[in-house]
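Visitor: I'd like to ask some things about the structure below.
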Amino acid sequence: MLKVMLVDDEPYILQGLKVLIDWESGGFEIAQTCSNGKEALRYLRENQVDLIISDIRMPEMTGLELLETIKKEKVSEAEFVLLTGYDDFAYTKRAIRNGCLDYILKPVEEEELIEVLQKVSKLNHESIVLRKDREKMEDAYLSRVIRHLIRGNYTDEEIEYANKNLQLTGDLRFIYLGFANRELEIESSSSDDYDTGVIQKQFVNSCKEVLKEYANHFTIEVPYDEDNYDVGFIYCDNMATVRDMKEDEFLNQLIRKIELVFTMPIRMYCGELVSDVSVLSKSYESCKRLKSIAGFHNAKKLYFYEEADTGSSGIILCKNTIDEIISSIAKNDSAAIETGVEKLHSELRGADSNNVAFDLNINYLIFQLIHLASELDDTVNQEEIVQYISEKASGDSLTRGSYQHLKSFALEYATYLSELQKSVSHGILAVIENEIKENFAGDISLKYLGDKYHINSSYLGQVFRKKYGMSFKNYLTNYRIKEASKQIINTDKKINRIAEEVGYKDSDYFIRKFIEIMGCTPSKYRKTNR
């Protein structure tokens, strides 16, 4: 309900205005009545209203003086309407020059008052839309700044913007929040943009609800694991210290609270602690590495990069055996892979190794696997390989030192690299390109295309990125938004209908992507380009 203040020195006029129309049915409520401008001003300094209807001629302070004082001292942003007689037109002109919205002639007619209220309602609605558009623009810009920060590719202005809009007191970490339910992560790889977007938005909204004062520290705009539901979070140690808690206490409590709101088990991967937002990319990179090797550890709720540190002295590194495994993977020799993993198991068990030793060997293996892929194809995107490893190396059924899982992973990775070595006809990409043109609004994904054309979806993602310089998901999003922009300019369709026709059932998600790609809201794009 919009709040209205009535100001007039004649009580019978105030009473008449109250009963002249059904204020509530029009979305208004009379919040206050005052007998002069000074009384009204005192109320406005302590309270907010949306509309002021004031007589011009009043003792102590006239309606015109009240308007001028409000504008000069910025007391209120309420719309201002004058009650005036025929002899007050000179004052009315002056009032309109000072920002008065409209005037109503005395005696007040019901139709005229309703017409003015409808104008106020329309202006208020437009103001809300503009404010929401502005908030979406600000959210989209902050997300872009965060993406640049974690990639280490930022400007001084973006550092300044981050320090101004984020609460970055103390040391920082980049943290991934993901689902502990492996089945949901696997299922997500076959989801379309809408499904992923809706789940991600529900997830991030749950996070923001729990930690409201740091809501803008959560983001889903992170360029890693594009086909799952992960949420990024920038942690600063002040979050724990102001609550007189240790870091792990605070983060474990945060996990429990989010799980209560979202009703899904989650886990956190905490990147390296860094001193400043300008080196947040270092924490982000360590967070990715941690997530890649977490699958080889006991499943738990909270992982810290420092706990996976492999720099301890005196720890056994089975380099020769791991090099043999790598060589077997490169040849896609299944028997040799199985033999090598059994040998590694025997060596570590025989050396009475601990968890740190296991971490050290797994980290070395992961590094060599990434390096191996680069040697096979110097154009391979290492981030894609890290993503592949992360997806294949996690799971709730895994226990620390599960060599059966390591064996399965090594065999799958060997098959993956074997396909990476094969040449994929450029014709298949042309077919897929045509499929996107014809079915871009449908449920189309890498998994769907891989199944349809009998190609490993991970490898298909690799060759797609090589040709187009972006992931399949980003290519599809860009294509959909470009198609939407054509409809926005060339038709009078409503924005939510256009969103549906290009493949987005969630119009908010569509608008956020549109702002990210086109730099403005759809409505502004339509207005500007027409």
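Numbering starts fresh at 1 for the residues of each chain in the structure tokens, the chains themselves are lettered A, B, ... in the order given, and ligands are numbered from 1 as they appear.
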Excluding segment 56-58 of chain A and residues on its chain fewer than 4 positions from it, collect all residues at most 6 Å away from it, counting only C-alpha atoms, and give them as a list in words.

Guide: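 The contact residues come out as Asp9, Asn36, Thr62, Gly63 and Leu64 of chain A.
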
Visitor: Could you write those residues out with N, CA, C and O atoms, as a tab-separated table (two decimals), in the first residue's frame?

Guide:
chain	number	residue	atom	x	y	z
A	9	ASP	N	-5.52	23.10	6.46
A	9	ASP	CA	-5.85	23.74	7.74
A	9	ASP	C	-7.34	23.68	8.04
A	9	ASP	O	-7.77	24.08	9.12
A	36	ASN	N	-0.94	22.04	8.86
A	36	ASN	CA	-0.11	23.07	8.23
A	36	ASN	C	1.22	22.46	7.79
A	36	ASN	O	1.53	21.31	8.14
A	62	THR	N	2.98	27.60	4.12
A	62	THR	CA	2.08	27.26	3.02
A	62	THR	C	2.51	25.96	2.35
A	62	THR	O	3.60	25.44	2.57
A	63	GLY	N	1.63	25.45	1.51
A	63	GLY	CA	1.94	24.23	0.77
A	63	GLY	C	3.13	24.42	-0.16
A	63	GLY	O	3.95	23.52	-0.33
A	64	LEU	N	3.22	25.62	-0.74
A	64	LEU	CA	4.34	25.91	-1.63
A	64	LEU	C	5.65	25.94	-0.86
A	64	LEU	O	6.67	25.40	-1.30

Visitor: Residues near Tyr141 of chain A, anyone? I mean within 12 Å using only C-alpha atoms, not counting same-chain ones fewer than 4 positions away, as a short mmCIF file (atom, residue, chain, number, x, y, z; two decimals) with N, CA and C atoms, in the first residue's frame.

Guide:
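As written to disk, selection.cif reads:
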data_model
loop_
_atom_site.label_atom_id
_atom_site.label_comp_id
_atom_site.auth_asym_id
_atom_site.auth_seq_id
_atom_site.Cartn_x
_atom_site.Cartn_y
_atom_site.Cartn_z
N ARG A 134 18.18 -1.58 -12.04
CA ARG A 134 19.47 -1.06 -11.56
C ARG A 134 20.16 -2.08 -10.66
N GLU A 135 19.38 -2.72 -9.78
CA GLU A 135 19.95 -3.73 -8.88
C GLU A 135 20.51 -4.91 -9.68
N LYS A 136 19.77 -5.32 -10.72
CA LYS A 136 20.25 -6.42 -11.56
C LYS A 136 21.54 -6.03 -12.28
N MET A 137 21.59 -4.78 -12.75
CA MET A 137 22.80 -4.29 -13.41
C MET A 137 23.98 -4.30 -12.44
N VAL A 145 33.11 -8.39 -11.94
CA VAL A 145 34.31 -7.99 -11.20
C VAL A 145 34.90 -9.20 -10.47
N ILE A 146 34.03 -9.99 -9.84
CA ILE A 146 34.50 -11.18 -9.12
C ILE A 146 35.16 -12.16 -10.08
N ARG A 147 34.56 -12.35 -11.26
CA ARG A 147 35.17 -13.24 -12.25
C ARG A 147 36.57 -12.76 -12.64
N HIS A 148 36.71 -11.46 -12.85
CA HIS A 148 38.02 -10.91 -13.21
C HIS A 148 39.02 -11.08 -12.07
N GLU A 158 38.30 -1.94 -10.77
CA GLU A 158 37.57 -3.10 -10.28
C GLU A 158 38.00 -3.48 -8.86
N TYR A 161 36.20 -1.06 -6.74
CA TYR A 161 34.78 -1.38 -6.67
C TYR A 161 34.55 -2.56 -5.73
N ALA A 162 35.42 -3.56 -5.79
CA ALA A 162 35.29 -4.73 -4.92
C ALA A 162 35.48 -4.34 -3.46
N ASN A 165 32.29 -2.54 -2.33
CA ASN A 165 31.01 -3.25 -2.32
C ASN A 165 31.06 -4.61 -1.62
N ASN A 216 26.30 -10.50 -0.93
CA ASN A 216 26.95 -10.29 -2.23
C ASN A 216 28.31 -10.97 -2.33
N THR A 219 28.33 -16.04 -5.26
CA THR A 219 28.14 -15.85 -6.69
C THR A 219 28.08 -17.20 -7.40
N GLU A 221 28.55 -16.95 -10.72
CA GLU A 221 29.23 -16.55 -11.95
C GLU A 221 30.71 -16.91 -11.89
N ARG A 512 19.15 -11.78 -16.32
CA ARG A 512 20.52 -11.69 -15.79
C ARG A 512 21.54 -12.04 -16.88
N LYS A 513 21.25 -13.08 -17.68
CA LYS A 513 22.15 -13.44 -18.77
C LYS A 513 22.17 -12.36 -19.85
N ILE A 515 21.69 -9.11 -19.47
CA ILE A 515 22.49 -7.99 -18.96
C ILE A 515 23.98 -8.32 -19.09
N GLU A 516 24.33 -9.56 -18.73
CA GLU A 516 25.74 -9.98 -18.75
C GLU A 516 26.32 -9.89 -20.16
N ILE A 517 25.52 -10.28 -21.17
CA ILE A 517 26.03 -10.34 -22.55
C ILE A 517 25.83 -9.03 -23.30
N GLY A 519 24.86 -5.99 -21.89
CA GLY A 519 25.26 -4.80 -21.14
C GLY A 519 24.12 -3.94 -20.63
N CYS A 520 22.86 -4.37 -20.83
CA CYS A 520 21.71 -3.61 -20.33
C CYS A 520 20.52 -4.55 -20.23
#

Visitor: Between A:Lys494, A:Lys291, A:Lys132, A:His217, single out the one closest to Tyr303 of chain A, counting only C-alpha atoms.

Guide: A:Lys291

Visitor: Pick out the closest residue to Phe28 of chain A from this set: A:Phe174, A:Ala410, A:Leu117, A:Val75. Count only C-alpha atoms.

Guide: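 Ranking A:Phe174, A:Ala410, A:Leu117, A:Val75 by distance to Phe28 of chain A, first place goes to A:Leu117.
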
Visitor: As a PyMOL selection string, which residues of segment 12-132 of chain A does DSSP assign to alpha helix (DSSP H)?

Guide: chain A and resi 12-20+37-46+63-73+89-97+110-132

Visitor: Using only C-alpha atoms, which residue out of A:Leu348, A:Leu14, A:Ile52, A:Ala215 lies closest to Asp139 of chain A?

Guide: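 Closest to Asp139 of chain A, using only C-alpha atoms: A:Ala215.
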
Visitor: Choose the residue, out of A:Glu412, A:Glu60, A:Glu347, A:Asp333, that has the smallest atom-to-atom separation from Leu317 of chain A; count only C-alpha atoms.

Guide: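 Answer, going by the shortest atom-to-atom distance: A:Glu347.
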
Visitor: Select from segment 109-291 of chain A everything DSSP, run on the backbone, classes as strand (DSSP E or B), then give the selection as a list in words.

Guide: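 The strand (DSSP E or B) subset of segment 109-291 of chain A is Leu172, Arg173, Phe174, Ile175, Tyr176, Leu177, Gly178, Phe179, Phe218, Thr219, Val231, Gly232, Phe233, Ile234, Tyr235, Cys236, Ile266, Arg267, Met268, Tyr269, Cys270 and Val274 of chain A.
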
Visitor: Can you pull out every residue within 12 Å of Gln487 of chain A, counting only C-alpha atoms, but drop anything in the same chain fewer than 3 positions away, and send it as JSON, numbers by chain?

Guide: {"A": [480, 481, 482, 483, 484, 490, 491, 492, 493, 494, 495, 496, 497, 498, 499, 500, 501, 502, 522, 523, 525, 526, 529, 530]}

Visitor: Might you pull out every residue within 12 Å of Ala335 of chain A, with only C-alpha atoms counted and same-chain residues fewer than 6 positions away left off, and present them as a list in words?

Guide: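 Listing them by chain and then by number gives Ile325, Ser328, Ile329, Val341, Glu342, Lys407, Ala410, Leu411 and Ala414 of chain A.
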
Visitor: Could you dump the residues just selected with N, CA and C atoms as an mmCIF file, in the first residue's frame?

Guide:
data_model
loop_
_atom_site.group_PDB
_atom_site.id
_atom_site.type_symbol
_atom_site.label_atom_id
_atom_site.label_comp_id
_atom_site.auth_asym_id
_atom_site.auth_seq_id
_atom_site.Cartn_x
_atom_site.Cartn_y
_atom_site.Cartn_z
ATOM 1 N N ILE A 325 52.499 -45.724 -14.350
ATOM 2 C CA ILE A 325 51.038 -45.622 -14.515
ATOM 3 C C ILE A 325 50.712 -44.601 -15.604
ATOM 4 N N SER A 328 51.348 -46.004 -18.962
ATOM 5 C CA SER A 328 50.306 -46.971 -19.328
ATOM 6 C C SER A 328 49.028 -46.251 -19.752
ATOM 7 N N ILE A 329 48.722 -45.155 -19.075
ATOM 8 C CA ILE A 329 47.537 -44.363 -19.427
ATOM 9 C C ILE A 329 47.708 -43.769 -20.824
ATOM 10 N N VAL A 341 48.642 -49.582 -10.567
ATOM 11 C CA VAL A 341 47.898 -49.113 -9.389
ATOM 12 C C VAL A 341 48.072 -50.087 -8.226
ATOM 13 N N GLU A 342 48.046 -51.380 -8.519
ATOM 14 C CA GLU A 342 48.278 -52.368 -7.464
ATOM 15 C C GLU A 342 49.677 -52.204 -6.861
ATOM 16 N N LYS A 407 41.970 -46.995 -9.622
ATOM 17 C CA LYS A 407 42.116 -47.852 -10.796
ATOM 18 C C LYS A 407 41.040 -47.524 -11.840
ATOM 19 N N ALA A 410 41.783 -44.157 -13.457
ATOM 20 C CA ALA A 410 42.905 -44.212 -14.395
ATOM 21 C C ALA A 410 42.484 -44.855 -15.715
ATOM 22 N N LEU A 411 41.669 -45.914 -15.644
ATOM 23 C CA LEU A 411 41.190 -46.573 -16.864
ATOM 24 C C LEU A 411 40.283 -45.646 -17.675
ATOM 25 N N ALA A 414 42.357 -42.896 -19.319
ATOM 26 C CA ALA A 414 43.100 -43.414 -20.475
ATOM 27 C C ALA A 414 42.199 -43.434 -21.708
#

Visitor: Near Ser278 of chain A, within 10 Å and counting only C-alpha atoms, which residues show up once chain neighbours fewer than 3 positions away are dropped, as a PyMOL selection string?

Guide: chain A and resi 149-150+152-156+158-159+162+274-275+281-282

Visitor: Between atom CA of Thr263 of chain A and atom CA of Asp506 of chain A, what is the distance, to one decimal in Å?

Guide: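 Atom CA of Asp506 of chain A lies 22.0 Å from atom CA of Thr263 of chain A.
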
Visitor: For segment 175-180 of chain A, list every protein, DNA or RNA residue within 10 Å, evaluated using only C-alpha atoms, and leave out those in the same chain fewer than 5 positions away; present the list as an MDAnalysis selection string.

Guide: chainID A and resid 185 203:204 207 218:220 222 228:235 255 259 264:272 283:284 286:288 291 299:304 394:396

Visitor: Those residues with C-alpha atoms, as a CSV table (one decimal), in the first residue's frame please?

Guide:
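As written to disk, result38.csv reads:
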chain,number,residue,atom,x,y,z
A,185,GLU,CA,26.1,-33.7,-9.5
A,203,PHE,CA,21.0,-22.7,-3.8
A,204,VAL,CA,22.7,-19.3,-3.9
A,207,CYS,CA,23.2,-19.2,1.1
A,218,PHE,CA,28.1,-15.4,-2.9
A,219,THR,CA,28.1,-15.9,-6.7
A,220,ILE,CA,27.3,-18.5,-9.3
A,222,VAL,CA,32.4,-18.7,-11.8
A,228,ASN,CA,27.1,-28.4,-12.1
A,229,TYR,CA,25.5,-26.4,-9.3
A,230,ASP,CA,28.5,-25.0,-7.4
A,231,VAL,CA,28.3,-21.6,-5.7
A,232,GLY,CA,31.4,-19.5,-5.2
A,233,PHE,CA,31.9,-17.6,-1.9
A,234,ILE,CA,34.5,-15.0,-0.9
A,235,TYR,CA,35.3,-15.6,2.8
A,255,ILE,CA,27.2,-25.5,6.3
A,259,GLU,CA,21.6,-27.4,4.8
A,264,MET,CA,20.3,-30.8,0.8
A,265,PRO,CA,23.7,-32.0,2.2
A,266,ILE,CA,26.6,-29.8,1.0
A,267,ARG,CA,30.3,-29.6,1.3
A,268,MET,CA,32.9,-26.8,1.1
A,269,TYR,CA,36.3,-26.6,-0.6
A,270,CYS,CA,38.4,-23.8,0.9
A,271,GLY,CA,41.2,-22.4,-1.2
A,272,GLU,CA,44.5,-21.0,0.1
A,283,SER,CA,43.1,-18.8,-3.7
A,284,TYR,CA,40.8,-19.6,-6.5
A,286,SER,CA,44.2,-23.6,-5.1
A,287,CYS,CA,40.5,-24.2,-4.6
A,288,LYS,CA,40.3,-25.8,-8.0
A,291,LYS,CA,38.4,-29.9,-5.5
A,299,ALA,CA,34.3,-37.8,2.2
A,300,LYS,CA,33.6,-34.9,4.6
A,301,LYS,CA,31.8,-31.6,4.8
A,302,LEU,CA,34.8,-29.2,4.9
A,303,TYR,CA,38.1,-29.3,3.0
A,304,PHE,CA,41.0,-26.9,3.5
A,394,SER,CA,34.8,-37.4,-6.4
A,395,GLY,CA,32.2,-39.5,-4.8
A,396,ASP,CA,30.6,-40.3,-1.4

Visitor: Give me, as number ranges by chain, all polymer residues having an atom no more than 8 Å from Ala330 of chain A, counting only C-alpha atoms and skipping those fewer than 5 positions away in the same chain.

Guide: A: 372, 414, 417-418

Visitor: Residues as selected, C-alpha atoms, written as a PDB file, in the first residue's frame, can you do that?

Guide:
ATOM      1  CA  LEU A 372      50.263 -35.671 -20.267  1.00  0.00           C
ATOM      2  CA  ALA A 414      43.100 -43.414 -20.475  1.00  0.00           C
ATOM      3  CA  LEU A 417      42.877 -39.318 -23.656  1.00  0.00           C
ATOM      4  CA  SER A 418      42.624 -41.924 -26.393  1.00  0.00           C
TER       5      SER A 418
END

Visitor: One decimal, Å: what's the distance from atom CA of Thr84 of chain A over to atom CA of Asp8 of chain A, could you say?

Guide: 11.0 Å
